[in-house]
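Q: The following block contains the structure, expressed as structure tokens.
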Amino acid sequence: MICLGIEATAHTFGIGICDDKGNVLANERDMYKPKTGWGIIPMDAGKHHLEVAPKILEQALKTAKLTMDDINLISYSRGPGLPPCLYKGKDFAIETAKKYKKPLVGVNHCVSHIEIGRQTTGLKNPVVVYVSGANTQIISFSEGKYRIFGECMDIGVGNALDKFGRAMGLDFPQAPEIEQIALKGKWVDLPYVVKGMDLSFSGILTSCIQKREKGESLENLCYSIQETFFSMLTEVTERALAHLGKSEVLLTGGVAANKRLQQMLKTMAKERGGKFEVVPRDLSGDQGAMIAWNGIIAYKSEQKMNPDKADVDSRWRTDDVEISWIS
Ligand code: ATP
Ligand code: FE2
């Protein structure tokens with residue numbers, strides 16, 4: 001079985017093609033970039049997705065050396081995400097499914113980040129550190145659902161890093177550049193906000209901006225914001241491992257690309273005698289391959305959709321998804 005997956009929850013429009021062994025046959029994408037000093041304008045991102053969709057579809061088929069005749073299933077990101085983006089993805093999925101008479105399935109974007117991580121790393125029952133722009137969740141599977149054991153109370157860790165970078169005049173996405181600048185920095189004291197198992201990043205972000213206004217160096221602030229955010233994440237992940245009696249850690253989502261975060265989680269997992277794995281770089285950020293793979297496993301576990309009833313859910317939580325493919 002071959003599935004074509006459509007991703008359009010936020011900045012990226014992507015189309016990936018996967019087979020049912022988990023091989024990625026194509027993973028084409030195009031990212032909307034807001035102008036300098038601005039965050040994502042959802043309507044503009046939606047417009048971008050509409051414009052690039054036909055070209056990305058053509059490129060994906062070309063890369064996979066396939067035609068629509070070879071595709072057995074179409075999947076799309078049903079949520080969560082920015083409504084103007086989600087609607088463009090859903091409409092394109094319906095249009096393509098109807099035109100080529102293919103079955104359709106809508107999947108949860110966050111669960112797709114987890115499933116592509118499980119597939120590529122081979123970890124069966126990990127504590128998942130899902131860190132992206134909008135989301136920050138410490139997750140593990142239990143009784144039919146991915147349960148959230150800790151999460152951000154305000155903004156996601158990626159958005160917090162991006163916002164700090166934006167205030168410093170960097171271009172979107174700012175977090176990868178912060179990672180590079182941090183290599184030259186030294187420690188300065190910042191607030192540290194863990195409440196039970198939950199995390200708050202926005203006060204620390206404000207504190208960094210204030211310190212910069214008072215003359216603290218950009219290098220030191222990039223280093224210290226990363227050290228603080230990632231220590232908070234590592235602390236909560238370790239507590240989840242201890243309480244759940246689990247030993248594997250899976251790092252996924254756009255922020256998983258960060259080497260310092262990988263290093264901290266790896267050290268913690270190793271010190272506990274456990275295992276740490278990270279999703280490959282080209283599958284960590286938003287892309288269609290993870291949507292295609294999730295489409296295959298959802299469809300094989302009898303999840304189907306009537307294209308006339310296909311919808312979106314911009315607030316669809318990870319722990320509201322029926323995980324019918326894990327028993
Ligand atoms: P979600 O709906 O899952 O929240 P998203 O729209 O945030 O998705 P992703 O592509 O999963 O999209 O994640 C993007 C985030 O990852 C951005 O905030 C980006 O700055 C961040 N990111 C990318 N590379 C790095 C890096 N090297 N270090 C830290 N953060 C990174
Ligand atoms: Fe994402």
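To be explicit about the labels: the chains of the structure tokens are called A, B, and onward in the order shown, and within each one the residues are counted from 1, while ligands get numbers from 1 in the order they are shown.
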Would you kindly return, as a PyMOL selection string, each protein, DNA or RNA residue with an atom no farther than 12 Å from any atom of Leu161 in chain A, considering only C-alpha atoms and excluding same-chain residues fewer than 5 positions away?
A: chain A and resi 131-134+155-156+166-168+170-179+182+201-202+204-206+208-209+221-230+254-255+258
Q: Write the residues you've just listed into a file as a compact mmCIF listing (two decimals), in the first residue's frame, and include N, CA, C and O atoms for each of them.
A:
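File again.txt, as written:
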# COMPACT_ATOMS: atom_id res chain seq x y z
N VAL A 131 8.52 18.30 20.93
CA VAL A 131 8.83 19.73 21.05
C VAL A 131 8.83 20.37 19.67
O VAL A 131 9.60 20.00 18.80
N SER A 132 7.93 21.34 19.47
CA SER A 132 7.88 22.00 18.17
C SER A 132 7.63 23.48 18.40
O SER A 132 7.90 23.99 19.48
N GLY A 133 7.09 24.17 17.39
CA GLY A 133 6.80 25.58 17.57
C GLY A 133 5.67 25.77 18.56
O GLY A 133 5.84 26.34 19.64
N ALA A 134 4.51 25.24 18.20
CA ALA A 134 3.31 25.47 19.00
C ALA A 134 3.17 24.50 20.16
O ALA A 134 2.45 24.78 21.11
N ILE A 155 3.32 29.34 25.89
CA ILE A 155 3.73 29.09 24.49
C ILE A 155 4.65 27.88 24.42
O ILE A 155 5.30 27.53 25.40
N GLY A 156 4.72 27.27 23.23
CA GLY A 156 5.60 26.13 23.01
C GLY A 156 7.07 26.57 23.00
O GLY A 156 7.38 27.75 22.78
N ARG A 166 13.26 36.77 17.28
CA ARG A 166 12.63 37.87 16.54
C ARG A 166 12.90 39.21 17.24
O ARG A 166 13.23 40.21 16.60
N ALA A 167 12.80 39.20 18.57
CA ALA A 167 13.08 40.44 19.33
C ALA A 167 14.55 40.86 19.16
O ALA A 167 14.89 42.03 19.32
N MET A 168 15.39 39.88 18.83
CA MET A 168 16.83 40.18 18.63
C MET A 168 17.13 40.54 17.18
O MET A 168 18.28 40.69 16.78
N LEU A 170 16.51 38.56 14.43
CA LEU A 170 16.83 37.43 13.55
C LEU A 170 15.62 37.09 12.68
O LEU A 170 14.50 37.46 13.00
N ASP A 171 15.86 36.35 11.59
CA ASP A 171 14.78 35.97 10.67
C ASP A 171 14.16 34.61 11.04
O ASP A 171 14.84 33.75 11.59
N PHE A 172 12.89 34.39 10.67
CA PHE A 172 12.16 33.15 10.96
C PHE A 172 12.68 31.99 10.10
O PHE A 172 12.91 32.20 8.91
N PRO A 173 12.81 30.76 10.59
CA PRO A 173 12.69 30.38 12.00
C PRO A 173 13.99 30.70 12.73
O PRO A 173 15.07 30.34 12.29
N GLN A 174 13.86 31.37 13.89
CA GLN A 174 15.02 31.93 14.58
C GLN A 174 15.77 30.90 15.42
O GLN A 174 16.97 31.03 15.66
N ALA A 175 15.05 29.85 15.89
CA ALA A 175 15.68 28.91 16.84
C ALA A 175 16.95 28.25 16.30
O ALA A 175 17.92 28.10 17.06
N PRO A 176 17.03 27.84 15.02
CA PRO A 176 18.29 27.22 14.55
C PRO A 176 19.47 28.18 14.64
O PRO A 176 20.59 27.76 14.93
N GLU A 177 19.22 29.47 14.42
CA GLU A 177 20.31 30.45 14.51
C GLU A 177 20.71 30.66 15.97
O GLU A 177 21.90 30.82 16.29
N ILE A 178 19.72 30.65 16.86
CA ILE A 178 20.01 30.77 18.30
C ILE A 178 20.95 29.64 18.72
O ILE A 178 21.90 29.84 19.48
N GLU A 179 20.69 28.43 18.20
CA GLU A 179 21.54 27.28 18.53
C GLU A 179 23.01 27.56 18.16
O GLU A 179 23.91 27.25 18.93
N ALA A 182 24.49 30.37 20.42
CA ALA A 182 24.66 29.87 21.80
C ALA A 182 26.02 29.19 22.00
O ALA A 182 26.54 29.16 23.12
N PHE A 201 7.29 29.00 29.59
CA PHE A 201 8.45 29.59 28.92
C PHE A 201 8.36 31.11 28.77
O PHE A 201 9.37 31.78 28.56
N SER A 202 7.12 31.67 28.84
CA SER A 202 6.98 33.06 28.41
C SER A 202 7.64 34.07 29.36
O SER A 202 8.18 35.07 28.91
N ILE A 204 10.34 33.57 31.10
CA ILE A 204 11.79 33.48 30.88
C ILE A 204 12.16 34.27 29.62
O ILE A 204 13.17 34.96 29.57
N LEU A 205 11.28 34.15 28.61
CA LEU A 205 11.48 34.90 27.35
C LEU A 205 11.52 36.42 27.65
O LEU A 205 12.42 37.13 27.20
N THR A 206 10.54 36.89 28.45
CA THR A 206 10.50 38.32 28.80
C THR A 206 11.77 38.72 29.55
O THR A 206 12.36 39.77 29.28
N CYS A 208 14.71 37.44 29.34
CA CYS A 208 15.85 37.51 28.39
C CYS A 208 15.82 38.82 27.61
O CYS A 208 16.87 39.47 27.43
N ILE A 209 14.63 39.21 27.15
CA ILE A 209 14.52 40.45 26.37
C ILE A 209 14.92 41.64 27.25
O ILE A 209 15.67 42.53 26.82
N LEU A 221 22.85 35.22 26.24
CA LEU A 221 21.40 35.00 26.38
C LEU A 221 20.95 33.79 25.55
O LEU A 221 20.12 33.01 26.01
N CYS A 222 21.50 33.63 24.35
CA CYS A 222 21.15 32.46 23.53
C CYS A 222 21.55 31.17 24.25
O CYS A 222 20.80 30.20 24.31
N TYR A 223 22.76 31.20 24.82
CA TYR A 223 23.24 30.02 25.56
C TYR A 223 22.32 29.74 26.76
O TYR A 223 21.87 28.61 26.97
N SER A 224 22.01 30.77 27.52
CA SER A 224 21.31 30.57 28.78
C SER A 224 19.83 30.24 28.58
O SER A 224 19.25 29.47 29.36
N ILE A 225 19.22 30.81 27.54
CA ILE A 225 17.80 30.48 27.30
C ILE A 225 17.70 29.00 26.92
O ILE A 225 16.82 28.28 27.40
N GLN A 226 18.64 28.53 26.10
CA GLN A 226 18.63 27.10 25.72
C GLN A 226 18.88 26.22 26.95
O GLN A 226 18.17 25.25 27.17
N GLU A 227 19.91 26.58 27.74
CA GLU A 227 20.24 25.75 28.91
C GLU A 227 19.03 25.66 29.85
O GLU A 227 18.71 24.59 30.36
N THR A 228 18.34 26.79 30.03
CA THR A 228 17.22 26.81 30.97
C THR A 228 16.03 26.02 30.42
O THR A 228 15.50 25.13 31.09
N PHE A 229 15.63 26.30 29.19
CA PHE A 229 14.48 25.60 28.60
C PHE A 229 14.73 24.09 28.55
O PHE A 229 13.86 23.29 28.90
N PHE A 230 15.92 23.72 28.12
CA PHE A 230 16.19 22.29 27.91
C PHE A 230 16.38 21.55 29.24
O PHE A 230 16.04 20.37 29.35
N GLY A 254 9.88 19.70 15.57
CA GLY A 254 10.89 20.57 14.95
C GLY A 254 12.10 20.87 15.82
O GLY A 254 13.24 20.93 15.33
N VAL A 255 11.89 21.05 17.13
CA VAL A 255 12.99 21.42 18.04
C VAL A 255 13.92 20.23 18.30
O VAL A 255 15.04 20.40 18.81
N ASN A 258 17.69 20.19 17.61
CA ASN A 258 18.69 20.90 18.42
C ASN A 258 19.67 19.94 19.11
O ASN A 258 19.27 19.10 19.92
Q: Leaving out range 37-49 of chain A and any residue of its chain fewer than 3 positions from it, which residues lie within 9 Å of it when counting only C-alpha atoms, given as a list in words?
A: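 Listed by chain and then number, they are Ala8, Ala10, His11, Thr12, Phe13, Gly14, Asp30, Met31, Tyr32, Lys33, Pro34, Val52, Ala53, Leu82, Pro83, Pro84, Cys85, Leu86, Tyr87, Lys88, Gly89, Asp162, Lys163, Arg166, Ala167, Gly169, Leu170, Asp171 and Phe172 of chain A.
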Q: For the selection you just gave me, I'd like the residues written to a file as an mmCIF file, in the first residue's frame, keeping N, CA, C and O atoms.
A:
data_model
loop_
_atom_site.group_PDB
_atom_site.id
_atom_site.type_symbol
_atom_site.label_atom_id
_atom_site.label_comp_id
_atom_site.auth_asym_id
_atom_site.auth_seq_id
_atom_site.Cartn_x
_atom_site.Cartn_y
_atom_site.Cartn_z
ATOM 1 N N ALA A 8 -0.413 20.652 6.172
ATOM 2 C CA ALA A 8 -0.624 22.104 6.019
ATOM 3 C C ALA A 8 -1.190 22.687 7.314
ATOM 4 O O ALA A 8 -2.216 23.346 7.302
ATOM 5 N N ALA A 10 0.605 24.740 9.529
ATOM 6 C CA ALA A 10 1.144 26.061 9.895
ATOM 7 C C ALA A 10 1.977 26.637 8.756
ATOM 8 O O ALA A 10 1.452 26.911 7.680
ATOM 9 N N HIS A 11 3.288 26.759 8.965
ATOM 10 C CA HIS A 11 4.167 27.431 7.986
ATOM 11 C C HIS A 11 4.467 26.596 6.749
ATOM 12 O O HIS A 11 4.794 27.127 5.699
ATOM 13 N N THR A 12 4.407 25.259 6.885
ATOM 14 C CA THR A 12 4.884 24.397 5.800
ATOM 15 C C THR A 12 3.742 23.726 5.048
ATOM 16 O O THR A 12 2.833 23.173 5.668
ATOM 17 N N PHE A 13 3.805 23.781 3.697
ATOM 18 C CA PHE A 13 2.944 22.911 2.901
ATOM 19 C C PHE A 13 3.830 21.767 2.424
ATOM 20 O O PHE A 13 4.860 21.991 1.763
ATOM 21 N N GLY A 14 3.448 20.538 2.752
ATOM 22 C CA GLY A 14 4.281 19.394 2.379
ATOM 23 C C GLY A 14 3.460 18.241 1.844
ATOM 24 O O GLY A 14 2.316 18.033 2.263
ATOM 25 N N ASP A 30 7.373 23.170 0.955
ATOM 26 C CA ASP A 30 7.701 24.575 0.724
ATOM 27 C C ASP A 30 7.229 25.361 1.946
ATOM 28 O O ASP A 30 6.093 25.198 2.386
ATOM 29 N N MET A 31 8.117 26.181 2.484
ATOM 30 C CA MET A 31 7.791 26.888 3.725
ATOM 31 C C MET A 31 7.450 28.353 3.476
ATOM 32 O O MET A 31 8.199 29.051 2.786
ATOM 33 N N TYR A 32 6.319 28.774 4.049
ATOM 34 C CA TYR A 32 5.950 30.197 4.036
ATOM 35 C C TYR A 32 6.872 30.929 5.000
ATOM 36 O O TYR A 32 7.081 30.465 6.126
ATOM 37 N N LYS A 33 7.427 32.040 4.550
ATOM 38 C CA LYS A 33 8.316 32.810 5.440
ATOM 39 C C LYS A 33 7.753 34.200 5.653
ATOM 40 O O LYS A 33 7.633 34.966 4.693
ATOM 41 N N PRO A 34 7.411 34.561 6.890
ATOM 42 C CA PRO A 34 6.934 35.927 7.126
ATOM 43 C C PRO A 34 8.063 36.928 6.920
ATOM 44 O O PRO A 34 9.241 36.567 6.999
ATOM 45 N N VAL A 52 1.208 26.858 -3.759
ATOM 46 C CA VAL A 52 2.284 25.886 -4.030
ATOM 47 C C VAL A 52 1.786 24.444 -4.155
ATOM 48 O O VAL A 52 2.518 23.582 -4.657
ATOM 49 N N ALA A 53 0.538 24.172 -3.709
ATOM 50 C CA ALA A 53 0.059 22.777 -3.633
ATOM 51 C C ALA A 53 0.228 21.976 -4.939
ATOM 52 O O ALA A 53 0.826 20.887 -4.911
ATOM 53 N N LEU A 82 -3.339 26.099 12.499
ATOM 54 C CA LEU A 82 -3.956 27.391 12.194
ATOM 55 C C LEU A 82 -5.090 27.171 11.197
ATOM 56 O O LEU A 82 -4.849 26.630 10.102
ATOM 57 N N PRO A 83 -6.325 27.565 11.527
ATOM 58 C CA PRO A 83 -7.464 27.242 10.649
ATOM 59 C C PRO A 83 -7.267 27.603 9.170
ATOM 60 O O PRO A 83 -7.550 26.759 8.307
ATOM 61 N N PRO A 84 -6.782 28.785 8.805
ATOM 62 C CA PRO A 84 -6.667 29.085 7.363
ATOM 63 C C PRO A 84 -5.735 28.094 6.642
ATOM 64 O O PRO A 84 -5.913 27.829 5.453
ATOM 65 N N CYS A 85 -4.746 27.581 7.359
ATOM 66 C CA CYS A 85 -3.814 26.615 6.763
ATOM 67 C C CYS A 85 -4.476 25.240 6.681
ATOM 68 O O CYS A 85 -4.446 24.576 5.633
ATOM 69 N N LEU A 86 -5.095 24.833 7.795
ATOM 70 C CA LEU A 86 -5.746 23.518 7.840
ATOM 71 C C LEU A 86 -6.789 23.373 6.737
ATOM 72 O O LEU A 86 -6.872 22.328 6.073
ATOM 73 N N TYR A 87 -7.592 24.427 6.524
ATOM 74 C CA TYR A 87 -8.657 24.354 5.506
ATOM 75 C C TYR A 87 -8.084 24.179 4.105
ATOM 76 O O TYR A 87 -8.648 23.443 3.294
ATOM 77 N N LYS A 88 -6.965 24.849 3.833
ATOM 78 C CA LYS A 88 -6.356 24.718 2.499
ATOM 79 C C LYS A 88 -5.879 23.282 2.285
ATOM 80 O O LYS A 88 -6.068 22.704 1.213
ATOM 81 N N GLY A 89 -5.262 22.705 3.313
ATOM 82 C CA GLY A 89 -4.778 21.322 3.217
ATOM 83 C C GLY A 89 -5.921 20.347 3.039
ATOM 84 O O GLY A 89 -5.884 19.451 2.179
ATOM 85 N N ASP A 162 11.820 31.219 18.974
ATOM 86 C CA ASP A 162 11.642 32.063 17.783
ATOM 87 C C ASP A 162 11.317 33.509 18.165
ATOM 88 O O ASP A 162 11.832 34.456 17.578
ATOM 89 N N LYS A 163 10.445 33.670 19.182
ATOM 90 C CA LYS A 163 10.049 35.026 19.600
ATOM 91 C C LYS A 163 11.234 35.776 20.181
ATOM 92 O O LYS A 163 11.390 36.975 19.946
ATOM 93 N N ARG A 166 13.263 36.773 17.277
ATOM 94 C CA ARG A 166 12.631 37.871 16.537
ATOM 95 C C ARG A 166 12.902 39.208 17.237
ATOM 96 O O ARG A 166 13.234 40.206 16.597
ATOM 97 N N ALA A 167 12.801 39.204 18.567
ATOM 98 C CA ALA A 167 13.085 40.438 19.329
ATOM 99 C C ALA A 167 14.546 40.864 19.162
ATOM 100 O O ALA A 167 14.892 42.034 19.321
ATOM 101 N N GLY A 169 16.083 40.555 16.323
ATOM 102 C CA GLY A 169 16.262 40.957 14.925
ATOM 103 C C GLY A 169 16.634 39.826 13.979
ATOM 104 O O GLY A 169 17.023 40.069 12.838
ATOM 105 N N LEU A 170 16.515 38.563 14.434
ATOM 106 C CA LEU A 170 16.834 37.432 13.553
ATOM 107 C C LEU A 170 15.623 37.095 12.676
ATOM 108 O O LEU A 170 14.496 37.462 12.996
ATOM 109 N N ASP A 171 15.862 36.353 11.589
ATOM 110 C CA ASP A 171 14.776 35.972 10.669
ATOM 111 C C ASP A 171 14.160 34.612 11.037
ATOM 112 O O ASP A 171 14.837 33.750 11.588
ATOM 113 N N PHE A 172 12.889 34.388 10.670
ATOM 114 C CA PHE A 172 12.156 33.147 10.955
ATOM 115 C C PHE A 172 12.683 31.995 10.095
ATOM 116 O O PHE A 172 12.914 32.195 8.907
#
Q: Which residue gives the smallest distance to ligand 2 among A:Leu61, A:Val236, A:Ala269, A:Val111, with only C-alpha atoms and all ligand atoms counted?
A: A:Val111
Q: Which of these residues is nearest to ligand 2, using only C-alpha atoms and all ligand atoms: A:Glu277, A:Asp69, A:Asp286, A:Asp319?
A: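 The answer is A:Asp286, which sits nearest to ligand 2.
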Q: Closest to ligand 1 among A:Ile15, A:Ala160, A:Met232, A:Leu250, using only C-alpha atoms and all ligand atoms?
A: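 Of the candidates, the smallest distance to ligand 1 is held by A:Ala160.
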Q: Please report the interatomic distance between CA of Pro103 in chain A and CA of Glu28 in chain A in Å with one decimal.
A: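 Answer for the CA of Pro103 in chain A to CA of Glu28 in chain A separation: 21.4 Å.
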Q: Output as a PyMOL selection string all residues of range 136-295 of chain A that backbone DSSP marks as helix (DSSP H, G or I).
A: chain A and resi 157-167+175-182+202-213+218-244+254-257+259-271+281-283+288-295
Q: A:Lys214, A:Lys55, A:Arg315, A:His109: which is nearest Ser75 in chain A, counting only C-alpha atoms?
A: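 Ranked by minimum distance to Ser75 in chain A, first place goes to A:His109.
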Q: Kindly give the distance, in Å, that separates CA of Tyr192 in chain A and CA of Thr234 in chain A, rounded to a single decimal.
A: 12.5 Å
Q: As a JSON list (two decimals) with N, CA and C atoms, in the first residue's frame, please: all residues of range 143-270 of chain A that backbone DSSP puts in strand (DSSP E or B).
A:
[["chain", "number", "residue", "atom", "x", "y", "z"],
["A", 145, "LYS", "N", -4.56, 5.44, 24.34],
["A", 145, "LYS", "CA", -4.31, 6.82, 23.93],
["A", 145, "LYS", "C", -2.89, 7.25, 24.29],
["A", 146, "TYR", "N", -2.41, 8.28, 23.59],
["A", 146, "TYR", "CA", -1.16, 8.91, 24.00],
["A", 146, "TYR", "C", -1.51, 9.92, 25.10],
["A", 147, "ARG", "N", -1.09, 9.60, 26.32],
["A", 147, "ARG", "CA", -1.42, 10.46, 27.46],
["A", 147, "ARG", "C", -0.34, 11.53, 27.63],
["A", 148, "ILE", "N", -0.80, 12.71, 28.02],
["A", 148, "ILE", "CA", 0.15, 13.82, 28.22],
["A", 148, "ILE", "C", 0.48, 13.92, 29.70],
["A", 149, "PHE", "N", 1.77, 13.76, 30.03],
["A", 149, "PHE", "CA", 2.17, 13.78, 31.44],
["A", 149, "PHE", "C", 2.69, 15.15, 31.85],
["A", 150, "GLY", "N", 3.07, 15.95, 30.88],
["A", 150, "GLY", "CA", 3.52, 17.30, 31.18],
["A", 150, "GLY", "C", 3.44, 18.11, 29.91],
["A", 151, "GLU", "N", 3.17, 19.42, 30.02],
["A", 151, "GLU", "CA", 3.09, 20.24, 28.80],
["A", 151, "GLU", "C", 3.32, 21.70, 29.13],
["A", 152, "CYS", "N", 3.45, 22.52, 28.08],
["A", 152, "CYS", "CA", 3.67, 23.94, 28.32],
["A", 152, "CYS", "C", 2.35, 24.60, 28.71],
["A", 194, "VAL", "N", 9.15, 25.36, 36.37],
["A", 194, "VAL", "CA", 8.49, 24.05, 36.25],
["A", 194, "VAL", "C", 7.45, 23.99, 37.36],
["A", 195, "LYS", "N", 6.19, 23.72, 36.99],
["A", 195, "LYS", "CA", 5.14, 23.63, 38.01],
["A", 195, "LYS", "C", 4.57, 22.22, 37.96],
["A", 198, "ASP", "N", 4.34, 20.54, 34.53],
["A", 198, "ASP", "CA", 4.12, 21.50, 33.45],
["A", 198, "ASP", "C", 5.20, 22.58, 33.40],
["A", 199, "LEU", "N", 5.31, 23.20, 32.23],
["A", 199, "LEU", "CA", 6.40, 24.14, 31.98],
["A", 199, "LEU", "C", 5.86, 25.48, 31.49],
["A", 248, "GLU", "N", 12.84, 4.22, 27.81],
["A", 248, "GLU", "CA", 13.20, 4.77, 26.50],
["A", 248, "GLU", "C", 12.70, 6.22, 26.35],
["A", 249, "VAL", "N", 13.55, 7.04, 25.73],
["A", 249, "VAL", "CA", 13.15, 8.43, 25.45],
["A", 249, "VAL", "C", 13.21, 8.65, 23.94],
["A", 250, "LEU", "N", 12.10, 9.16, 23.38],
["A", 250, "LEU", "CA", 12.06, 9.51, 21.96],
["A", 250, "LEU", "C", 11.88, 11.02, 21.82],
["A", 251, "LEU", "N", 12.79, 11.65, 21.11],
["A", 251, "LEU", "CA", 12.70, 13.10, 20.90],
["A", 251, "LEU", "C", 12.18, 13.36, 19.49],
["A", 252, "THR", "N", 11.08, 14.13, 19.37],
["A", 252, "THR", "CA", 10.49, 14.39, 18.06],
["A", 252, "THR", "C", 9.91, 15.80, 17.98]]
Q: Take CA of Leu73 in chain A and CA of Cys3 in chain A and report the distance between them in Å, one decimal.
A: 4.7 Å
Q: Name the residues in contact with Pro307 in chain A at a cut-off of 8 Å, using only C-alpha atoms, excluding same-chain residues fewer than 6 positions from it; report them as a list of chain:residue names.
A: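 Returned residues: A:Ile94, A:Ala97, A:Lys98, A:Pro103, A:Leu104.
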Q: Mind dumping the selected residues with N, CA and C atoms as an mmCIF file, in the first residue's frame?
A:
data_model
loop_
_atom_site.group_PDB
_atom_site.id
_atom_site.type_symbol
_atom_site.label_atom_id
_atom_site.label_comp_id
_atom_site.auth_asym_id
_atom_site.auth_seq_id
_atom_site.Cartn_x
_atom_site.Cartn_y
_atom_site.Cartn_z
ATOM 1 N N ILE A 94 -9.319 16.685 -0.247
ATOM 2 C CA ILE A 94 -10.633 16.235 -0.749
ATOM 3 C C ILE A 94 -10.643 16.265 -2.281
ATOM 4 N N ALA A 97 -8.488 13.465 -3.628
ATOM 5 C CA ALA A 97 -9.107 12.139 -3.383
ATOM 6 C C ALA A 97 -10.282 11.911 -4.331
ATOM 7 N N LYS A 98 -11.095 12.933 -4.529
ATOM 8 C CA LYS A 98 -12.277 12.783 -5.398
ATOM 9 C C LYS A 98 -11.853 12.643 -6.861
ATOM 10 N N PRO A 103 -9.337 6.531 -1.371
ATOM 11 C CA PRO A 103 -9.860 6.689 -0.006
ATOM 12 C C PRO A 103 -9.086 7.787 0.733
ATOM 13 N N LEU A 104 -9.748 8.370 1.742
ATOM 14 C CA LEU A 104 -9.185 9.523 2.451
ATOM 15 C C LEU A 104 -9.201 9.271 3.960
#
Q: Might you pull out every residue within 9 Å of Gly79 in chain A, with only C-alpha atoms counted and same-chain residues fewer than 5 positions away left off, and present them as a compact mmCIF listing (two decimals) with N, CA and C atoms, in the first residue's frame?
A:
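Contents of around_27.txt, freshly written:
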# COMPACT_ATOMS: atom_id res chain seq x y z
N THR A 9 -0.49 22.44 8.46
CA THR A 9 -1.04 22.94 9.72
C THR A 9 -0.57 24.36 10.04
N LEU A 86 -5.10 24.83 7.80
CA LEU A 86 -5.75 23.52 7.84
C LEU A 86 -6.79 23.37 6.74
N GLY A 106 -8.07 11.43 7.71
CA GLY A 106 -7.51 12.62 8.38
C GLY A 106 -6.77 12.19 9.63
N VAL A 107 -5.56 12.71 9.83
CA VAL A 107 -4.78 12.28 11.00
C VAL A 107 -4.37 13.48 11.86
N ASN A 108 -3.97 13.17 13.09
CA ASN A 108 -3.56 14.21 14.02
C ASN A 108 -2.07 14.53 13.83
N HIS A 109 -1.77 15.79 13.62
CA HIS A 109 -0.40 16.24 13.33
C HIS A 109 0.59 15.85 14.45
N CYS A 110 0.18 16.01 15.69
CA CYS A 110 1.09 15.71 16.82
C CYS A 110 1.37 14.21 16.89
N VAL A 312 -11.80 19.69 9.65
CA VAL A 312 -10.57 20.01 10.38
C VAL A 312 -10.93 20.24 11.85
N ASP A 313 -9.94 20.13 12.73
CA ASP A 313 -10.14 20.44 14.14
C ASP A 313 -8.88 21.15 14.62
N SER A 314 -8.96 22.47 14.69
CA SER A 314 -7.75 23.25 14.96
C SER A 314 -7.23 23.06 16.39
N ARG A 315 -8.06 22.51 17.27
CA ARG A 315 -7.62 22.31 18.66
C ARG A 315 -7.58 20.84 19.06
N TRP A 316 -7.44 19.97 18.11
CA TRP A 316 -7.47 18.52 18.36
C TRP A 316 -6.28 18.11 19.22
N ARG A 317 -6.53 17.71 20.45
CA ARG A 317 -5.43 17.38 21.36
C ARG A 317 -4.90 15.96 21.14
